[in-house]
file final07.txt (compact mmCIF, C-alpha atoms)
# COMPACT_ATOMS: atom_id res chain seq x y z
CA MET A 23 117.45 90.60 46.54
CA TRP A 24 119.83 88.68 44.30
CA LYS A 25 119.83 85.81 46.76
CA ASN A 26 116.05 85.58 46.49
CA ILE A 27 116.23 85.59 42.70
CA ALA A 28 118.96 82.97 42.71
CA LEU A 29 117.20 80.66 45.16
CA ALA A 30 113.94 80.90 43.26
CA ALA A 31 115.70 79.85 40.08
CA LEU A 32 117.60 77.07 41.84
CA LEU A 33 114.67 75.55 43.68
CA VAL A 34 111.61 76.15 41.51
CA THR A 35 111.53 75.42 37.79
CA PRO A 36 108.17 75.45 35.97
CA THR A 37 107.65 72.71 33.39
CA ILE A 38 107.03 74.48 30.12
CA GLY A 39 108.12 73.88 26.55
CA ILE A 40 111.63 73.43 25.21
CA ALA A 41 112.46 75.98 22.52
CA GLN A 42 114.38 73.66 20.22
CA SER A 43 113.33 70.11 19.32
CA PRO A 44 114.94 67.76 18.59
CA LEU A 45 117.84 68.89 20.73
CA LYS A 46 121.18 69.43 19.04
CA TRP A 47 123.66 69.50 21.88
CA VAL A 48 126.70 71.79 21.98
CA PRO A 49 129.50 69.88 23.73
CA SER A 50 131.55 71.48 26.50
CA THR A 51 134.35 70.47 28.84
CA ALA A 52 133.79 71.18 32.54
CA HIS A 53 136.48 72.60 34.85
CA MET A 54 135.58 72.99 38.53
CA LEU A 55 136.87 75.98 40.46
CA PRO A 56 138.63 75.26 43.78
CA PHE A 57 135.84 74.14 46.12
CA GLU A 58 137.01 76.27 49.04
CA THR A 59 136.60 79.44 46.95
CA ALA A 60 132.90 78.73 46.28
CA PRO A 61 131.72 76.19 48.89
CA GLU A 62 128.03 76.79 48.15
CA GLY A 63 128.60 76.49 44.43
CA GLU A 64 127.62 80.09 43.68
CA GLY A 65 129.22 82.68 41.47
CA TYR A 66 128.29 85.59 39.27
CA PHE A 67 129.30 87.44 36.09
CA SER A 68 132.98 87.58 36.95
CA ILE A 69 134.89 86.05 34.07
CA ILE A 70 137.28 87.74 31.64
CA GLU A 71 140.23 86.72 29.49
CA GLY A 72 143.53 88.43 30.19
CA LYS A 73 146.03 89.45 27.56
CA ASN A 74 148.02 86.35 28.51
CA GLY A 75 145.21 84.05 27.32
CA LYS A 76 144.26 83.01 30.85
CA LEU A 77 140.82 83.50 32.37
CA TYR A 78 140.14 85.37 35.61
CA VAL A 79 137.08 84.27 37.58
CA GLY A 80 135.61 85.78 40.74
CA THR A 81 134.16 83.56 43.47
CA HIS A 82 131.74 83.72 46.40
CA ALA A 83 131.97 82.16 49.87
CA ASN A 84 129.18 83.66 51.96
CA GLY A 85 130.30 84.87 55.38
CA VAL A 86 133.90 83.90 54.63
CA ASN A 87 135.79 85.64 51.80
CA ALA A 88 136.11 85.93 48.02
CA TRP A 89 138.96 85.03 45.68
CA LEU A 90 140.09 85.77 42.15
CA VAL A 91 141.01 82.54 40.41
CA GLU A 92 143.24 82.22 37.34
CA PHE A 93 142.34 79.45 34.89
CA ASP A 94 144.80 78.39 32.20
CA PRO A 95 142.85 76.69 29.37
CA SER A 96 146.05 75.33 27.84
CA SER A 97 146.78 73.22 30.92
CA GLY A 98 143.35 73.05 32.56
CA LYS A 99 144.91 74.23 35.81
CA MET A 100 143.48 76.78 38.24
CA LYS A 101 145.12 78.77 41.00
CA VAL A 102 144.07 81.53 43.39
CA VAL A 103 145.80 84.80 42.51
CA VAL A 104 143.95 87.19 44.86
CA ASP A 105 142.72 86.48 48.39
CA CYS A 106 140.48 89.51 48.95
CA HIS A 107 140.75 89.59 52.74
CA LYS A 108 144.52 89.21 52.57
CA ALA A 109 144.66 92.01 49.99
CA ILE A 110 142.73 94.46 52.20
CA GLY A 111 144.40 93.32 55.42
CA LYS A 112 141.13 92.48 57.19
CA ASP A 113 139.57 89.08 57.78
CA ILE A 114 136.05 89.83 59.00
CA LYS A 115 133.66 86.88 59.05
CA GLY A 116 129.88 86.86 58.76
CA PHE A 117 128.08 89.68 56.98
CA GLY A 118 131.11 91.92 57.43
CA SER A 119 133.12 89.73 55.04
CA GLN A 120 133.94 90.53 51.44
CA ALA A 121 131.91 87.51 50.40
CA LYS A 122 131.53 88.08 46.66
CA ILE A 123 133.29 89.21 43.57
CA HIS A 124 130.10 90.24 41.84
CA THR A 125 131.50 92.60 39.21
CA ARG A 126 131.84 91.76 35.57
CA ASN A 127 135.62 91.62 35.54
CA ASN A 128 137.13 94.05 33.05
CA LEU A 129 140.49 94.24 31.29
CA GLY A 130 142.53 97.42 31.14
CA ALA A 131 144.69 98.37 28.17
CA SER A 132 147.67 97.59 30.42
CA GLY A 133 146.52 93.99 30.80
CA LYS A 134 145.46 94.52 34.41
CA ILE A 135 142.26 92.88 35.69
CA TYR A 136 139.70 95.19 37.31
CA PHE A 137 137.17 93.77 39.79
CA GLY A 138 135.51 94.60 43.10
CA THR A 139 134.12 92.99 46.24
CA LYS A 140 130.57 92.91 47.51
CA GLN A 141 128.51 91.90 50.53
CA GLY A 142 126.98 88.46 50.99
CA TYR A 143 123.77 87.60 52.81
CA PRO A 144 123.04 88.62 56.41
CA ASN A 145 121.54 86.21 58.90
CA LYS A 146 118.68 87.17 61.22
CA ASP A 147 121.08 88.59 63.83
CA GLU A 148 123.05 90.77 61.41
CA LYS A 149 122.32 94.26 60.12
CA ARG A 150 123.06 95.70 56.67
CA GLU A 151 125.29 98.22 58.41
CA ASP A 152 127.56 95.39 59.60
CA TYR A 153 129.07 95.34 56.13
CA PRO A 154 131.75 98.05 55.89
CA GLY A 155 131.63 98.36 52.10
CA GLY A 156 133.30 96.88 49.05
CA TYR A 157 136.74 97.53 47.61
CA PRO A 158 137.70 98.12 43.97
CA MET A 159 140.79 96.04 43.14
CA VAL A 160 143.24 95.82 40.26
CA TYR A 161 145.30 92.67 39.71
CA ASP A 162 148.37 92.74 37.48
CA PRO A 163 149.10 89.27 36.01
CA ALA A 164 152.55 90.46 34.92
CA THR A 165 153.73 91.18 38.47
CA GLY A 166 151.25 89.25 40.61
CA GLU A 167 150.51 92.42 42.57
CA THR A 168 147.06 93.67 43.59
CA LYS A 169 146.21 97.31 44.20
CA VAL A 170 143.29 97.93 46.55
CA TYR A 171 141.32 101.18 46.50
CA PRO A 172 139.31 102.60 49.42
CA ILE A 173 135.63 101.87 49.98
CA PRO A 174 133.76 104.41 47.80
CA VAL A 175 130.40 104.37 49.65
CA LYS A 176 130.01 103.00 53.18
CA HIS A 177 128.02 99.76 53.43
CA HIS A 178 127.77 99.45 49.63
CA GLY A 179 129.34 96.65 47.64
CA ILE A 180 130.97 97.10 44.24
CA ASN A 181 128.75 95.97 41.37
CA SER A 182 130.62 97.31 38.34
CA ILE A 183 134.08 98.68 37.61
CA THR A 184 135.14 99.80 34.13
CA PRO A 185 138.60 101.30 33.54
CA ASP A 186 139.64 104.11 31.22
CA GLU A 187 143.38 103.90 31.73
CA SER A 188 144.04 106.48 29.01
CA ARG A 189 142.52 109.08 31.36
CA GLY A 190 143.77 107.50 34.57
CA ILE A 191 140.25 106.76 35.85
CA ALA A 192 137.78 103.97 36.40
CA TYR A 193 134.02 104.13 36.69
CA ILE A 194 132.35 102.47 39.66
CA SER A 195 128.78 101.38 40.33
CA THR A 196 127.91 100.45 43.92
CA CYS A 197 125.21 98.19 45.32
CA ALA A 198 123.44 98.71 48.64
CA ASP A 199 121.26 95.60 48.21
CA HIS A 200 118.24 97.71 49.15
CA ARG A 201 115.09 97.71 47.11
CA PRO A 202 115.28 100.18 44.20
CA GLY A 203 114.35 103.74 45.05
CA PRO A 204 115.74 106.89 46.64
CA GLY A 205 118.34 106.61 49.35
CA GLU A 206 121.64 105.80 47.65
CA ASN A 207 120.75 102.44 46.20
CA SER A 208 123.40 102.34 43.47
CA ILE A 209 125.90 105.17 43.08
CA PHE A 210 127.70 105.92 39.81
CA LEU A 211 131.18 107.34 40.55
CA ILE A 212 134.54 108.19 39.04
CA LEU A 213 137.70 106.79 40.65
CA ASP A 214 141.03 108.56 40.14
CA LEU A 215 143.42 105.62 39.74
CA LYS A 216 146.42 107.65 40.91
CA THR A 217 145.02 109.38 44.00
CA GLY A 218 142.32 106.88 44.95
CA LYS A 219 139.78 109.68 45.29
CA TYR A 220 136.16 109.39 44.17
CA ARG A 221 133.64 111.75 42.66
CA GLU A 222 129.95 110.90 42.69
CA LEU A 223 128.06 111.40 39.43
CA ILE A 224 124.51 110.26 40.28
CA ASP A 225 122.39 107.92 42.42
CA THR A 226 121.10 105.67 39.64
CA GLN A 227 118.58 103.82 41.88
CA HIS A 228 119.06 100.89 39.48
CA ILE A 229 119.92 97.36 40.59
CA TYR A 230 122.90 95.54 39.08
CA GLY A 231 123.79 98.03 36.35
CA PHE A 232 126.92 97.56 34.26
CA ILE A 233 129.04 100.44 32.96
CA VAL A 234 130.26 100.54 29.35
CA LEU A 235 132.44 103.00 27.42
CA ASP A 236 131.85 104.19 23.87
CA HIS A 237 134.27 105.18 21.09
CA LEU A 238 134.54 108.71 22.53
CA GLY A 239 135.31 107.51 26.05
CA ARG A 240 131.82 108.35 27.35
CA ALA A 241 130.51 106.13 30.16
CA TYR A 242 126.96 104.73 30.26
CA HIS A 243 124.91 103.46 33.22
CA PRO A 244 121.19 102.48 33.31
CA LEU A 245 118.84 104.56 35.48
CA LEU A 246 115.68 103.52 37.30
CA GLY A 247 112.68 103.97 35.00
CA GLY A 248 114.45 103.39 31.68
CA ASP A 249 116.61 106.46 31.17
CA ILE A 250 120.37 106.17 30.65
CA ALA A 251 123.11 108.23 32.29
CA ARG A 252 125.98 109.22 30.00
CA TYR A 253 129.08 110.95 31.30
CA ASP A 254 131.49 112.66 28.91
CA PRO A 255 134.96 113.10 30.48
CA LYS A 256 135.98 115.60 27.79
CA THR A 257 133.24 118.06 28.74
CA ASP A 258 132.77 116.84 32.32
CA LYS A 259 129.06 116.69 31.56
CA LEU A 260 126.51 114.15 32.76
CA GLU A 261 123.52 113.69 30.47
CA ARG A 262 120.25 111.90 31.10
CA LEU A 263 119.19 110.20 27.87
CA LYS A 264 115.77 108.89 27.00
CA GLN A 265 115.64 105.64 25.08
CA THR A 266 113.33 104.08 22.51
CA ILE A 267 113.23 100.72 20.75
CA ASN A 268 112.57 100.80 17.01
CA GLY A 269 111.58 104.43 17.44
CA LYS A 270 108.80 103.62 19.91
CA PRO A 271 108.43 104.09 23.69
CA LEU A 272 109.67 101.19 25.81
CA ALA A 273 107.16 98.35 26.06
CA ALA A 274 106.26 97.01 29.49
CA ASP A 275 107.33 93.47 28.57
CA SER A 276 110.81 94.67 27.56
CA HIS A 277 111.72 95.11 31.27
CA LEU A 278 113.83 98.08 30.21
CA ALA A 279 111.76 100.65 32.12
CA GLU A 280 110.35 98.95 35.19
CA ALA A 281 109.51 101.24 38.09
CA THR A 282 111.06 98.72 40.48
CA SER A 283 114.11 98.11 38.26
CA HIS A 284 115.28 94.90 36.60
CA PRO A 285 118.75 93.35 36.11
CA ILE A 286 120.08 94.34 32.68
CA ASN A 287 123.09 92.86 30.88
CA TRP A 288 125.11 95.34 28.83
CA ASP A 289 128.29 95.01 26.81
CA ALA A 290 129.84 97.10 24.05
CA THR A 291 131.76 96.14 20.93
CA PRO A 292 135.56 96.53 21.00
CA ASP A 293 135.31 99.69 18.87
CA GLY A 294 132.82 101.22 21.34
CA LYS A 295 130.29 102.01 18.64
CA THR A 296 127.56 99.47 19.44
CA LEU A 297 125.97 98.55 22.77
CA TYR A 298 124.16 95.21 23.15
CA CYS A 299 121.58 94.62 25.85
CA VAL A 300 119.53 91.75 27.30
CA PRO A 301 117.23 92.33 30.29
CA MET A 302 117.35 89.26 32.53
CA SER A 303 113.79 88.04 31.92
CA THR A 304 113.26 89.34 28.38
CA ASN A 305 113.70 86.85 25.56
CA LYS A 306 115.12 89.54 23.27
CA LEU A 307 118.43 91.03 22.20
CA TYR A 308 118.62 94.81 21.76
CA SER A 309 121.32 97.01 20.25
CA TYR A 310 122.12 100.74 20.32
CA ASP A 311 124.24 102.73 17.89
CA LEU A 312 126.46 104.78 20.18
CA THR A 313 127.50 107.12 17.38
CA GLN A 314 124.00 108.63 17.14
CA THR A 315 123.42 112.15 18.41
CA GLY A 316 120.61 113.85 20.32
CA PRO A 317 118.93 113.43 23.71
CA THR A 318 117.39 110.04 22.89
CA LEU A 319 119.25 106.76 22.45
CA ASN A 320 117.24 104.80 19.89
CA GLY A 321 117.67 101.07 20.15
CA ARG A 322 116.80 98.19 17.87
CA ASP A 323 115.02 94.92 18.60
CA LEU A 324 117.31 92.32 17.03
CA GLY A 325 114.97 89.41 17.65
CA THR A 326 114.25 86.52 19.98
CA LEU A 327 116.99 84.65 21.81
CA LEU A 328 115.17 81.31 22.13
CA PRO A 329 112.24 81.00 19.69
CA GLY A 330 109.33 79.14 21.26
CA ALA A 331 110.50 79.52 24.85
CA LYS A 332 107.84 80.84 27.22
CA SER A 333 110.22 81.69 30.07
CA THR A 334 113.92 82.58 29.87
CA ASP A 335 116.67 83.80 32.16
CA CYS A 336 119.77 85.53 30.79
CA ARG A 337 122.37 86.98 33.16
CA ALA A 338 125.34 86.07 30.98
CA LEU A 339 126.12 88.31 27.99
CA CYS A 340 129.40 89.34 26.39
CA VAL A 341 130.76 90.77 23.18
CA GLY A 342 133.77 88.83 21.94
CA PRO A 343 137.04 90.12 20.48
CA THR A 344 135.62 90.27 16.93
CA GLY A 345 132.36 91.95 17.94
CA GLU A 346 130.23 88.81 18.02
CA VAL A 347 127.67 88.65 20.83
CA TRP A 348 127.40 85.58 23.06
CA ALA A 349 124.68 84.88 25.59
CA SER A 350 124.16 81.95 27.92
CA VAL A 351 120.39 81.67 28.22
CA THR A 352 118.36 79.20 30.25
CA GLU A 353 114.75 78.20 29.70
CA ALA A 354 112.46 76.21 31.93
CA SER A 355 111.94 72.77 30.40
CA PRO A 356 109.83 69.63 30.85
CA LEU A 357 113.01 67.99 32.12
CA GLY A 358 112.46 69.93 35.35
CA ILE A 359 115.64 71.97 34.88
CA SER A 360 116.72 75.35 33.59
CA LEU A 361 118.09 74.18 30.25
CA ASN A 362 121.17 76.15 29.21
CA HIS A 363 121.51 77.28 25.58
CA ILE A 364 124.37 79.17 23.97
CA VAL A 365 123.15 81.96 21.68
CA SER A 366 125.15 84.17 19.31
CA PHE A 367 124.66 87.23 17.11
CA LYS A 368 126.97 89.06 14.75
CA SER A 369 126.43 92.18 12.71
CA GLY A 370 124.48 91.32 9.58
CA ASP A 371 122.58 88.39 11.12
CA LYS A 372 118.81 88.56 10.72
CA ALA A 373 118.26 87.41 14.30
CA PRO A 374 120.09 85.85 17.26
CA ARG A 375 121.17 82.26 16.61
CA ASP A 376 120.38 79.54 19.14
CA ARG A 377 123.37 77.21 18.85
CA GLY A 378 121.61 74.65 21.06
CA PRO A 379 121.70 73.43 24.66
CA VAL A 380 125.09 72.81 26.24
CA SER A 381 126.14 69.30 27.23
CA ILE A 382 129.02 68.27 29.49
CA GLN A 383 131.38 65.82 27.80
CA ASN A 384 133.28 64.89 30.97
CA PRO A 385 130.50 64.34 33.55
CA ASP A 386 132.95 62.84 36.08
CA TYR A 387 135.14 65.97 36.11
CA THR A 388 134.93 66.07 39.92
CA PRO A 389 133.72 63.63 42.62
CA PHE A 390 130.01 64.05 43.24
CA THR A 391 129.87 61.63 46.18
CA ASP A 392 132.16 61.07 49.16
CA ALA A 393 133.90 57.85 50.21
CA LYS A 394 130.62 56.60 51.76
CA GLY A 395 128.61 57.31 48.62
CA LYS A 396 126.84 60.35 50.07
CA PRO A 397 126.29 63.30 47.73
CA MET A 398 128.87 66.04 48.08
CA PRO A 399 127.38 69.30 49.39
CA TYR A 400 126.33 71.85 46.77
CA HIS A 401 127.22 69.52 43.91
CA GLY A 402 123.70 69.06 42.55
CA GLY A 403 124.02 71.28 39.52
CA THR A 404 124.28 68.59 36.83
CA PHE A 405 121.48 66.58 35.22
CA LYS A 406 121.49 63.44 33.08
CA THR A 407 118.81 62.97 30.44
CA LYS A 408 117.23 59.58 29.74
CA GLU A 409 119.44 59.44 26.65
CA GLY A 410 122.50 59.73 28.90
CA VAL A 411 123.45 63.32 28.09
CA THR A 412 124.79 65.35 31.02
CA THR A 413 123.96 69.05 31.22
CA SER A 414 123.61 71.78 33.84
CA ARG A 415 120.34 72.19 35.73
CA HIS A 416 120.43 75.79 37.03
CA MET A 417 120.68 79.21 35.48
CA THR A 418 124.08 80.41 34.35
CA LEU A 419 125.61 83.73 35.30
CA GLY A 420 128.74 84.50 33.29
CA VAL A 421 130.11 84.14 29.77
CA CYS A 422 133.17 85.28 27.84
CA GLN A 423 134.83 84.52 24.54
CA SER A 424 138.59 84.15 24.16
CA LYS A 425 140.77 85.50 21.38
CA ALA A 426 141.13 81.89 20.19
CA GLY A 427 137.35 81.69 19.73
CA ALA A 428 136.38 79.43 22.64
CA VAL A 429 133.35 80.41 24.73
CA TYR A 430 133.33 79.95 28.50
CA VAL A 431 130.20 79.76 30.68
CA LEU A 432 129.96 79.83 34.48
CA MET A 433 127.80 77.03 35.91
CA LEU A 434 126.45 76.72 39.45
CA GLN A 435 126.81 73.88 41.98
CA PRO A 436 129.62 73.10 41.83
CA TYR A 437 130.98 76.40 40.57
CA THR A 438 132.33 75.37 37.19
CA VAL A 439 133.75 76.80 33.97
CA LEU A 440 132.18 75.15 30.92
CA GLU A 441 134.59 75.41 27.98
CA ILE A 442 133.00 75.33 24.51
CA LYS A 443 135.75 74.99 21.94
CA PRO A 444 135.61 76.77 18.56
CA ASP A 445 134.99 73.55 16.60
CA ALA A 446 131.79 72.99 18.58
CA LEU A 447 130.51 76.39 17.48
CA LYS A 448 130.91 75.96 13.72

call {"tool": "encode", "arguments": {"input": "final07.txt", "output": "structure tokens"}}
result
Amino acid sequence: MWKNIALAALLVTPTIGIAQSPLKWVPSTAHMLPFETAPEGEGYFSIIEGKNGKLYVGTHANGVNAWLVEFDPSSGKMKVVVDCHKAIGKDIKGFGSQAKIHTRNNLGASGKIYFGTKQGYPNKDEKREDYPGGYPMVYDPATGETKVYPIPVKHHGINSITPDESRGIAYISTCADHRPGPGENSIFLILDLKTGKYRELIDTQHIYGFIVLDHLGRAYHPLLGGDIARYDPKTDKLERLKQTINGKPLAADSHLAEATSHPINWDATPDGKTLYCVPMSTNKLYSYDLTQTGPTLNGRDLGTLLPGAKSTDCRALCVGPTGEVWASVTEASPLGISLNHIVSFKSGDKAPRDRGPVSIQNPDYTPFTDAKGKPMPYHGGTFKTKEGVTTSRHMTLGVCQSKAGAVYVLMLQPYTVLEIKPDALK
């Protein structure tokens, strides 16, 4: 399903209005990931800063393998730190490969990086059952060692992994890549980090759900239809919460309660007291006070991400170290591209703030043609305006903010980290 969504966004872009005019560009510096780790130029949400100030990015090579790449902003250098097939001791090609790191990478209190592997795309001769299942993994930058946990659900990839090292557990969300509905589409589980054993909490039937923890250590996962699962490890109780926005039932255009599910971006503040949410196709930012009590989680509509935009795509949301929200949002534009904006929100703001579309200051950061002048494969993700400004042309899928204040966005084709330095965000 994700492949269909991605291809539609890559190949078809309606020509409708730009939200901000005249354009005030936000400059970025582009850093390409090693080509062999993402030969089709694709990647997902997998970017996080480690305690050492380096970034850890997951890659995708369909039918081949996936890698965790370390990027050092101070030097601009990248290196592979985890070869997923080498880590599990199996090198299966085709649909049986661990083709993606699709998880939002998470950081444990120990400084370890938590991520997981997922299936790619089958060809016409392959069956979904050819994929054995995904592996949760934990990489320790201090030692260079990777711990691999067993497959939690056969034939399912890993979509989310969130550690609670204080309790010796991690929460897992799987992905069967089936259409939403009954039949183990996405399982919410607990992983014992010491024994490697799993306990299933619920079949969420929700596509691409992220798991967050609150200030009490409770874990949240979206459910098909708009409810929210909340597990409390202190009481060992799983609750099914209703949700409202501004005290009212969920509106159809919020995409929070679709019967067929909808990708939803979640992230919580460092103190675990506020949850922020952006459904992929909803031009809105929502928040939830996680300290509230009762069987209903009442959310707030914080306002529009891109005022004036008639169509948006947001798959990249994070909460930074100080609690400020960052979103990489694309809108269809008359330029014929998905124009990427960086949007922020901090507590006390009246509405989300569109900082502007993101430009690339070093457009020749990698060769885009070979020695004969032919375009390099899967390198068509940049666009130059008639004014000579270079930007990205496709949707973006990952974002994180560093302790130093820089914001990093994952761009497609070629798979690239766009670095927006703090001075550009003032």

call {"tool": "closest_residue", "arguments": {"input": "final07.txt", "among": "A:Thr413, A:Asn362, A:Ser424, A:Gln120", "to": "A:Val341", "atoms": "only C-alpha atoms"}}
result
A:Ser424

call {"tool": "residues_near_point", "arguments": {"input": "final07.txt", "point": "(131.1, 100.9, 60.4)", "cutoff": "12 Å", "atoms": "all atoms listed in the file", "output": "mmCIF file with C-alpha atoms, keeping the file's coordinate frame"}}
result
data_model
loop_
_atom_site.group_PDB
_atom_site.id
_atom_site.type_symbol
_atom_site.label_atom_id
_atom_site.label_comp_id
_atom_site.auth_asym_id
_atom_site.auth_seq_id
_atom_site.Cartn_x
_atom_site.Cartn_y
_atom_site.Cartn_z
ATOM 1 C CA GLY A 118 131.110 91.920 57.430
ATOM 2 C CA LYS A 149 122.320 94.260 60.120
ATOM 3 C CA ARG A 150 123.060 95.700 56.670
ATOM 4 C CA GLU A 151 125.290 98.220 58.410
ATOM 5 C CA ASP A 152 127.560 95.390 59.600
ATOM 6 C CA TYR A 153 129.070 95.340 56.130
ATOM 7 C CA PRO A 154 131.750 98.050 55.890
ATOM 8 C CA GLY A 155 131.630 98.360 52.100
ATOM 9 C CA ILE A 173 135.630 101.870 49.980
ATOM 10 C CA VAL A 175 130.400 104.370 49.650
ATOM 11 C CA LYS A 176 130.010 103.000 53.180
ATOM 12 C CA HIS A 177 128.020 99.760 53.430
ATOM 13 C CA HIS A 178 127.770 99.450 49.630
#

call {"tool": "residues_near_point", "arguments": {"input": "final07.txt", "point": "(111.3, 81.3, 20.9)", "cutoff": "12 Å", "atoms": "only C-alpha atoms", "output": "list of chain:residue names"}}
result
A:Gly39, A:Ile40, A:Ala41, A:Gln42, A:Ser43, A:Thr304, A:Asn305, A:Lys306, A:Gly325, A:Thr326, A:Leu327, A:Leu328, A:Pro329, A:Gly330, A:Ala331, A:Lys332, A:Ser333, A:Thr334, A:Val351, A:Thr352, A:Glu353, A:His363, A:Val365, A:Ala373, A:Pro374, A:Arg375, A:Asp376

call {"tool": "closest_atom_pairs", "arguments": {"input": "final07.txt", "of": "stretch 72-141 of chain A", "to": "stretch 273-290 of chain A", "cutoff": "12 Å", "atoms": "all atoms listed in the file", "output": "JSON lines"}}
result
{"residue": "A:Thr125", "atom": "CA", "partner": "A:Asn287", "partner_atom": "CA", "distance": 11.8}
{"residue": "A:Arg126", "atom": "CA", "partner": "A:Asn287", "partner_atom": "CA", "distance": 10.0}
{"residue": "A:Asn127", "atom": "CA", "partner": "A:Asp289", "partner_atom": "CA", "distance": 11.9}
{"residue": "A:Asn128", "atom": "CA", "partner": "A:Asp289", "partner_atom": "CA", "distance": 10.9}

call {"tool": "closest_residue", "arguments": {"input": "final07.txt", "among": "A:Leu245, A:Asn145, A:Leu238, A:Met398", "to": "A:Thr257", "atoms": "only C-alpha atoms"}}
result
A:Leu238

call {"tool": "decode", "arguments": {"input": "final07.txt", "residues": "stretch 62-79 of chain A", "atoms": "N, CA and C atoms", "output": "PDB file, in the first residue's frame"}}
result
ATOM      1  N   GLU A  62      17.215   3.123  -5.202  1.00  0.00           N
ATOM      2  CA  GLU A  62      16.037   3.708  -5.851  1.00  0.00           C
ATOM      3  C   GLU A  62      15.668   5.065  -5.263  1.00  0.00           C
ATOM      4  N   GLY A  63      16.510   5.547  -4.376  1.00  0.00           N
ATOM      5  CA  GLY A  63      16.308   6.882  -3.820  1.00  0.00           C
ATOM      6  C   GLY A  63      15.194   6.987  -2.805  1.00  0.00           C
ATOM      7  N   GLU A  64      14.747   5.843  -2.256  1.00  0.00           N
ATOM      8  CA  GLU A  64      13.638   5.864  -1.312  1.00  0.00           C
ATOM      9  C   GLU A  64      14.114   5.705   0.112  1.00  0.00           C
ATOM     10  N   GLY A  65      13.318   6.255   1.026  1.00  0.00           N
ATOM     11  CA  GLY A  65      13.552   6.103   2.447  1.00  0.00           C
ATOM     12  C   GLY A  65      12.301   6.515   3.194  1.00  0.00           C
ATOM     13  N   TYR A  66      12.354   6.463   4.503  1.00  0.00           N
ATOM     14  CA  TYR A  66      11.119   6.647   5.261  1.00  0.00           C
ATOM     15  C   TYR A  66      11.317   7.619   6.423  1.00  0.00           C
ATOM     16  N   PHE A  67      10.799   7.276   7.605  1.00  0.00           N
ATOM     17  CA  PHE A  67      10.778   8.197   8.739  1.00  0.00           C
ATOM     18  C   PHE A  67      12.042   8.082   9.588  1.00  0.00           C
ATOM     19  N   SER A  68      12.948   7.227   9.175  1.00  0.00           N
ATOM     20  CA  SER A  68      13.997   6.718  10.064  1.00  0.00           C
ATOM     21  C   SER A  68      15.170   7.674  10.207  1.00  0.00           C
ATOM     22  N   ILE A  69      15.003   8.650  11.092  1.00  0.00           N
ATOM     23  CA  ILE A  69      16.107   9.561  11.380  1.00  0.00           C
ATOM     24  C   ILE A  69      15.987  10.006  12.834  1.00  0.00           C
ATOM     25  N   ILE A  70      17.097   9.910  13.558  1.00  0.00           N
ATOM     26  CA  ILE A  70      17.122  10.306  14.970  1.00  0.00           C
ATOM     27  C   ILE A  70      18.531  10.757  15.303  1.00  0.00           C
ATOM     28  N   GLU A  71      18.655  11.685  16.244  1.00  0.00           N
ATOM     29  CA  GLU A  71      19.964  12.088  16.731  1.00  0.00           C
ATOM     30  C   GLU A  71      20.347  11.235  17.931  1.00  0.00           C
ATOM     31  N   GLY A  72      21.575  10.743  17.942  1.00  0.00           N
ATOM     32  CA  GLY A  72      22.076  10.010  19.088  1.00  0.00           C
ATOM     33  C   GLY A  72      22.601  10.957  20.154  1.00  0.00           C
ATOM     34  N   LYS A  73      22.938  10.413  21.300  1.00  0.00           N
ATOM     35  CA  LYS A  73      23.494  11.242  22.369  1.00  0.00           C
ATOM     36  C   LYS A  73      24.862  11.801  22.007  1.00  0.00           C
ATOM     37  N   ASN A  74      25.500  11.204  21.016  1.00  0.00           N
ATOM     38  CA  ASN A  74      26.819  11.649  20.557  1.00  0.00           C
ATOM     39  C   ASN A  74      26.746  12.771  19.527  1.00  0.00           C
ATOM     40  N   GLY A  75      25.522  13.261  19.224  1.00  0.00           N
ATOM     41  CA  GLY A  75      25.365  14.343  18.266  1.00  0.00           C
ATOM     42  C   GLY A  75      25.351  13.905  16.819  1.00  0.00           C
ATOM     43  N   LYS A  76      25.463  12.598  16.583  1.00  0.00           N
ATOM     44  CA  LYS A  76      25.404  12.075  15.212  1.00  0.00           C
ATOM     45  C   LYS A  76      23.985  11.604  14.900  1.00  0.00           C
ATOM     46  N   LEU A  77      23.653  11.610  13.614  1.00  0.00           N
ATOM     47  CA  LEU A  77      22.325  11.190  13.178  1.00  0.00           C
ATOM     48  C   LEU A  77      22.375   9.744  12.705  1.00  0.00           C
ATOM     49  N   TYR A  78      21.263   9.032  12.905  1.00  0.00           N
ATOM     50  CA  TYR A  78      21.160   7.644  12.479  1.00  0.00           C
ATOM     51  C   TYR A  78      19.949   7.511  11.570  1.00  0.00           C
ATOM     52  N   VAL A  79      20.231   7.105  10.319  1.00  0.00           N
ATOM     53  CA  VAL A  79      19.226   7.109   9.251  1.00  0.00           C
ATOM     54  C   VAL A  79      19.055   5.704   8.700  1.00  0.00           C
TER      55      VAL A  79
END
